[in-house]
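A short worksheet on the structure shown next.
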Amino acid sequence: ESTKLNLSIELQLLPNDQNDLGLAVKALTQNRVEAQGLILVGVESPHLLDAVAQLECPVTIVNGMDRLMRINSISPDYELGGWLATRHLIEHGHTQIVHVTHPYRLSLKQRVLGFRNALEESGLEFSYAKNIIDTQSCSQSSNDSYHAIIKRIENKTLSCTAFVCASDMVALGVLKALTEYGYSVPNDFSMIGFDDLPVSALCTPTLSTIRIDRERLGRDAVNLLLIKANRNSSVV
């Protein structure tokens with residue numbers, strides 16, 4: 001979308017470590033003169049958002065939110081996605097379903113909320129201890145979910161028939177752990193991922209997943225930024 005509109009984009013990576021966010025704030029603040037617009041992807045840190053809200057250039061957040069509503073944002077409906085994924089498994093007869101995640105971000109917490117709502121609307125009881133397998137890792141990698149499931153299998157505490165995974169990468173880790181212990185998907189367990197990454201079509205069996213239209217998010221983010229920029233330029 002940026003190329004089509006003849007816009008120049010510069011990529012700047014921000015640290016995940018909360019202790020390093022001060023460096024990110026400094027970098028963004030120092031570059032505010034050069035930047036005519038700013039798109040933040042997956043940013044939710046209040047400290048960083050406070051700094052960004054002070055910038056004079058237009059800003060749009062993708063896959064994140066400013067709860068004080070100072071900055072425009074655009075995100076998928078993650079709560080609905082969690083609900084749809086869980087509802088799909090319930091409609092296929094599953095009543096013992098767990099959600100594999102580490103809900104440290106708002107978008108992940110919204111998935112959990114959708115998961116819980118789908119269970120309770122179907123008359124199934126929800127409890128964090130029973131229905132959530134927490135990977136205890138912010139990376140949400142396949143390695144994290146792999147070890148989380150291995151631990152449950154070895155401790156004989158894996159009491160479910162289906163998994164709702166916070167992402168496709170998390171689902172791949174779950175699938176690997178189950179396969180190594182001789183379980184079959186979908187014969188022994190069912191699962192569904194989230195994101196619809198290309199890798200989901202390459203694993204065996206092909207992974208069912210909730211699709212996120214990333215191209216649409218990108219287009220809408222650029223257009224939202226331009227709308228904001230045009231509004232600012234029209235103010236006398």
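Each chain in the structure tokens gets a letter, A, B and so on, in the order shown; residues start at 1 in every chain, and ligands are counted from 1 in the order they appear.
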For the helix (DSSP H, G or I) assignment from backbone DSSP, which residues of region 24-218 of chain A qualify? Please present them as a ChimeraX atom specification. /A:24-30,46-52,78-91,106-121,128-131,142-154,168-180,198-201,214-218
Dump C-alpha atoms for the selected residues as a CSV table (one decimal), in the first residue's frame?
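Written out: out17.csv:
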chain,number,residue,atom,x,y,z
A,24,ALA,CA,13.1,3.1,22.1
A,25,VAL,CA,11.4,6.2,23.4
A,26,LYS,CA,14.7,8.2,22.9
A,27,ALA,CA,15.1,6.9,19.4
A,28,LEU,CA,11.5,7.7,18.4
A,29,THR,CA,11.7,11.2,20.0
A,30,GLN,CA,15.0,12.1,18.3
A,46,PRO,CA,2.1,2.7,28.5
A,47,HIS,CA,5.5,4.3,28.9
A,48,LEU,CA,6.2,4.2,25.2
A,49,LEU,CA,2.7,5.2,24.2
A,50,ASP,CA,2.9,8.3,26.6
A,51,ALA,CA,6.0,9.4,24.7
A,52,VAL,CA,4.6,8.7,21.3
A,78,TYR,CA,-9.1,-11.2,18.9
A,79,GLU,CA,-11.9,-11.9,21.3
A,80,LEU,CA,-14.1,-13.1,18.5
A,81,GLY,CA,-11.2,-15.1,17.1
A,82,GLY,CA,-10.8,-16.9,20.4
A,83,TRP,CA,-14.6,-17.5,20.5
A,84,LEU,CA,-14.7,-18.8,16.9
A,85,ALA,CA,-11.8,-21.2,17.5
A,86,THR,CA,-13.3,-22.6,20.6
A,87,ARG,CA,-16.8,-22.8,19.2
A,88,HIS,CA,-15.5,-24.8,16.2
A,89,LEU,CA,-14.1,-27.5,18.6
A,90,ILE,CA,-17.3,-27.5,20.7
A,91,GLU,CA,-19.4,-28.0,17.5
A,106,LEU,CA,-3.9,-7.4,25.6
A,107,SER,CA,-4.4,-9.2,22.3
A,108,LEU,CA,-3.7,-12.6,24.1
A,109,LYS,CA,-5.9,-11.7,27.0
A,110,GLN,CA,-8.7,-11.0,24.5
A,111,ARG,CA,-8.2,-14.5,23.0
A,112,VAL,CA,-8.6,-16.0,26.5
A,113,LEU,CA,-11.8,-14.0,27.0
A,114,GLY,CA,-13.3,-15.3,23.8
A,115,PHE,CA,-12.2,-18.8,24.7
A,116,ARG,CA,-13.9,-18.5,28.1
A,117,ASN,CA,-17.0,-17.0,26.7
A,118,ALA,CA,-17.4,-19.8,24.2
A,119,LEU,CA,-17.1,-22.4,26.9
A,120,GLU,CA,-19.5,-20.8,29.3
A,121,GLU,CA,-22.1,-20.0,26.6
A,128,TYR,CA,-7.8,-21.0,34.7
A,129,ALA,CA,-6.1,-24.0,36.4
A,130,LYS,CA,-8.0,-26.5,34.3
A,131,ASN,CA,-8.4,-24.8,30.9
A,142,SER,CA,6.9,-23.5,19.3
A,143,ASN,CA,9.7,-24.5,21.7
A,144,ASP,CA,7.8,-23.0,24.6
A,145,SER,CA,4.6,-24.8,23.9
A,146,TYR,CA,6.5,-28.0,23.1
A,147,HIS,CA,8.0,-28.1,26.6
A,148,ALA,CA,4.8,-27.0,28.3
A,149,ILE,CA,2.9,-30.0,26.7
A,150,ILE,CA,5.8,-32.4,27.4
A,151,LYS,CA,5.7,-31.5,31.1
A,152,ARG,CA,1.9,-32.2,31.2
A,153,ILE,CA,2.3,-35.5,29.4
A,154,GLU,CA,5.1,-36.7,31.7
A,168,ASP,CA,0.2,-21.2,14.8
A,169,MET,CA,3.7,-21.3,16.2
A,170,VAL,CA,2.3,-22.4,19.6
A,171,ALA,CA,0.2,-25.0,17.8
A,172,LEU,CA,3.3,-26.5,16.0
A,173,GLY,CA,5.0,-27.0,19.4
A,174,VAL,CA,1.9,-28.7,20.7
A,175,LEU,CA,1.8,-30.9,17.7
A,176,LYS,CA,5.4,-31.9,17.9
A,177,ALA,CA,5.1,-32.9,21.6
A,178,LEU,CA,2.0,-35.0,21.0
A,179,THR,CA,3.6,-36.7,18.0
A,180,GLU,CA,6.8,-37.6,19.9
A,198,PRO,CA,2.0,-20.1,5.7
A,199,VAL,CA,3.7,-22.8,7.8
A,200,SER,CA,0.2,-23.9,9.0
A,201,ALA,CA,-0.4,-25.4,5.5
A,214,ARG,CA,-2.4,-9.1,7.5
A,215,GLU,CA,-2.4,-7.4,4.2
A,216,ARG,CA,-5.7,-5.7,5.0
A,217,LEU,CA,-4.3,-4.6,8.3
A,218,GLY,CA,-1.3,-3.0,6.6
Compile the contact shell of Thr209 (chain A) as a PyMOL selection string: residues with an atom at most 7 Å away, counting only C-alpha atoms, same-chain residues fewer than 3 positions apart removed. chain A and resi 192-196
Go ahead and write the selection's residues with C-alpha atoms as a PDB file, in the first residue's frame.
ATOM      1  CA  ILE A 192      -6.737 -25.100  16.104  1.00  0.00           C
ATOM      2  CA  GLY A 193      -4.193 -22.331  15.696  1.00  0.00           C
ATOM      3  CA  PHE A 194      -4.374 -18.588  15.244  1.00  0.00           C
ATOM      4  CA  ASP A 195      -2.896 -16.297  12.514  1.00  0.00           C
ATOM      5  CA  ASP A 196      -2.995 -18.579   9.440  1.00  0.00           C
TER       6      ASP A 196
END
As a list in words, please: every residue in region 138-204 of chain A that a backbone DSSP assignment puts in strand (DSSP E or B). Ala162, Phe163, Val164, Cys165, Ser190, Met191, Ile192, Gly193, Phe194 and Asp195 of chain A
Could those residues be written to a file, using N, CA and C atoms, as an mmCIF file, in the first residue's frame?
data_model
loop_
_atom_site.group_PDB
_atom_site.id
_atom_site.type_symbol
_atom_site.label_atom_id
_atom_site.label_comp_id
_atom_site.auth_asym_id
_atom_site.auth_seq_id
_atom_site.Cartn_x
_atom_site.Cartn_y
_atom_site.Cartn_z
ATOM 1 N N ALA A 162 -8.828 -31.483 23.174
ATOM 2 C CA ALA A 162 -8.618 -30.505 22.115
ATOM 3 C C ALA A 162 -7.870 -29.289 22.662
ATOM 4 N N PHE A 163 -7.143 -28.620 21.741
ATOM 5 C CA PHE A 163 -6.340 -27.449 22.088
ATOM 6 C C PHE A 163 -6.739 -26.249 21.236
ATOM 7 N N VAL A 164 -6.948 -25.121 21.879
ATOM 8 C CA VAL A 164 -7.006 -23.831 21.187
ATOM 9 C C VAL A 164 -5.663 -23.168 21.437
ATOM 10 N N CYS A 165 -4.910 -22.934 20.387
ATOM 11 C CA CYS A 165 -3.555 -22.400 20.538
ATOM 12 C C CYS A 165 -3.527 -20.915 20.201
ATOM 13 N N SER A 190 -7.616 -32.951 18.904
ATOM 14 C CA SER A 190 -7.865 -31.946 17.871
ATOM 15 C C SER A 190 -7.220 -30.636 18.315
ATOM 16 N N MET A 191 -6.912 -29.792 17.358
ATOM 17 C CA MET A 191 -6.345 -28.494 17.721
ATOM 18 C C MET A 191 -6.635 -27.465 16.638
ATOM 19 N N ILE A 192 -6.565 -26.205 17.038
ATOM 20 C CA ILE A 192 -6.737 -25.100 16.104
ATOM 21 C C ILE A 192 -5.766 -23.995 16.485
ATOM 22 N N GLY A 193 -5.159 -23.395 15.477
ATOM 23 C CA GLY A 193 -4.193 -22.331 15.696
ATOM 24 C C GLY A 193 -4.807 -20.963 15.501
ATOM 25 N N PHE A 194 -3.924 -19.974 15.387
ATOM 26 C CA PHE A 194 -4.374 -18.588 15.244
ATOM 27 C C PHE A 194 -3.316 -17.840 14.440
ATOM 28 N N ASP A 195 -3.723 -17.161 13.382
ATOM 29 C CA ASP A 195 -2.896 -16.297 12.514
ATOM 30 C C ASP A 195 -2.950 -16.728 11.058
#
Residue neighbourhood region 64-71 of chain A, 6 Å, only C-alpha atoms, exclusion window fewer than 6 positions, as a list in words: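 Using only C-alpha atoms, the neighbours found are Gly42, Val43 and Glu44 of chain A.
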Shortest interatomic distance to Ser159 (chain A) - which of A:Ala229, A:Val41, A:Ile74, A:Ile133, counting only C-alpha atoms: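 The closest residue to Ser159 (chain A) is A:Ile133.
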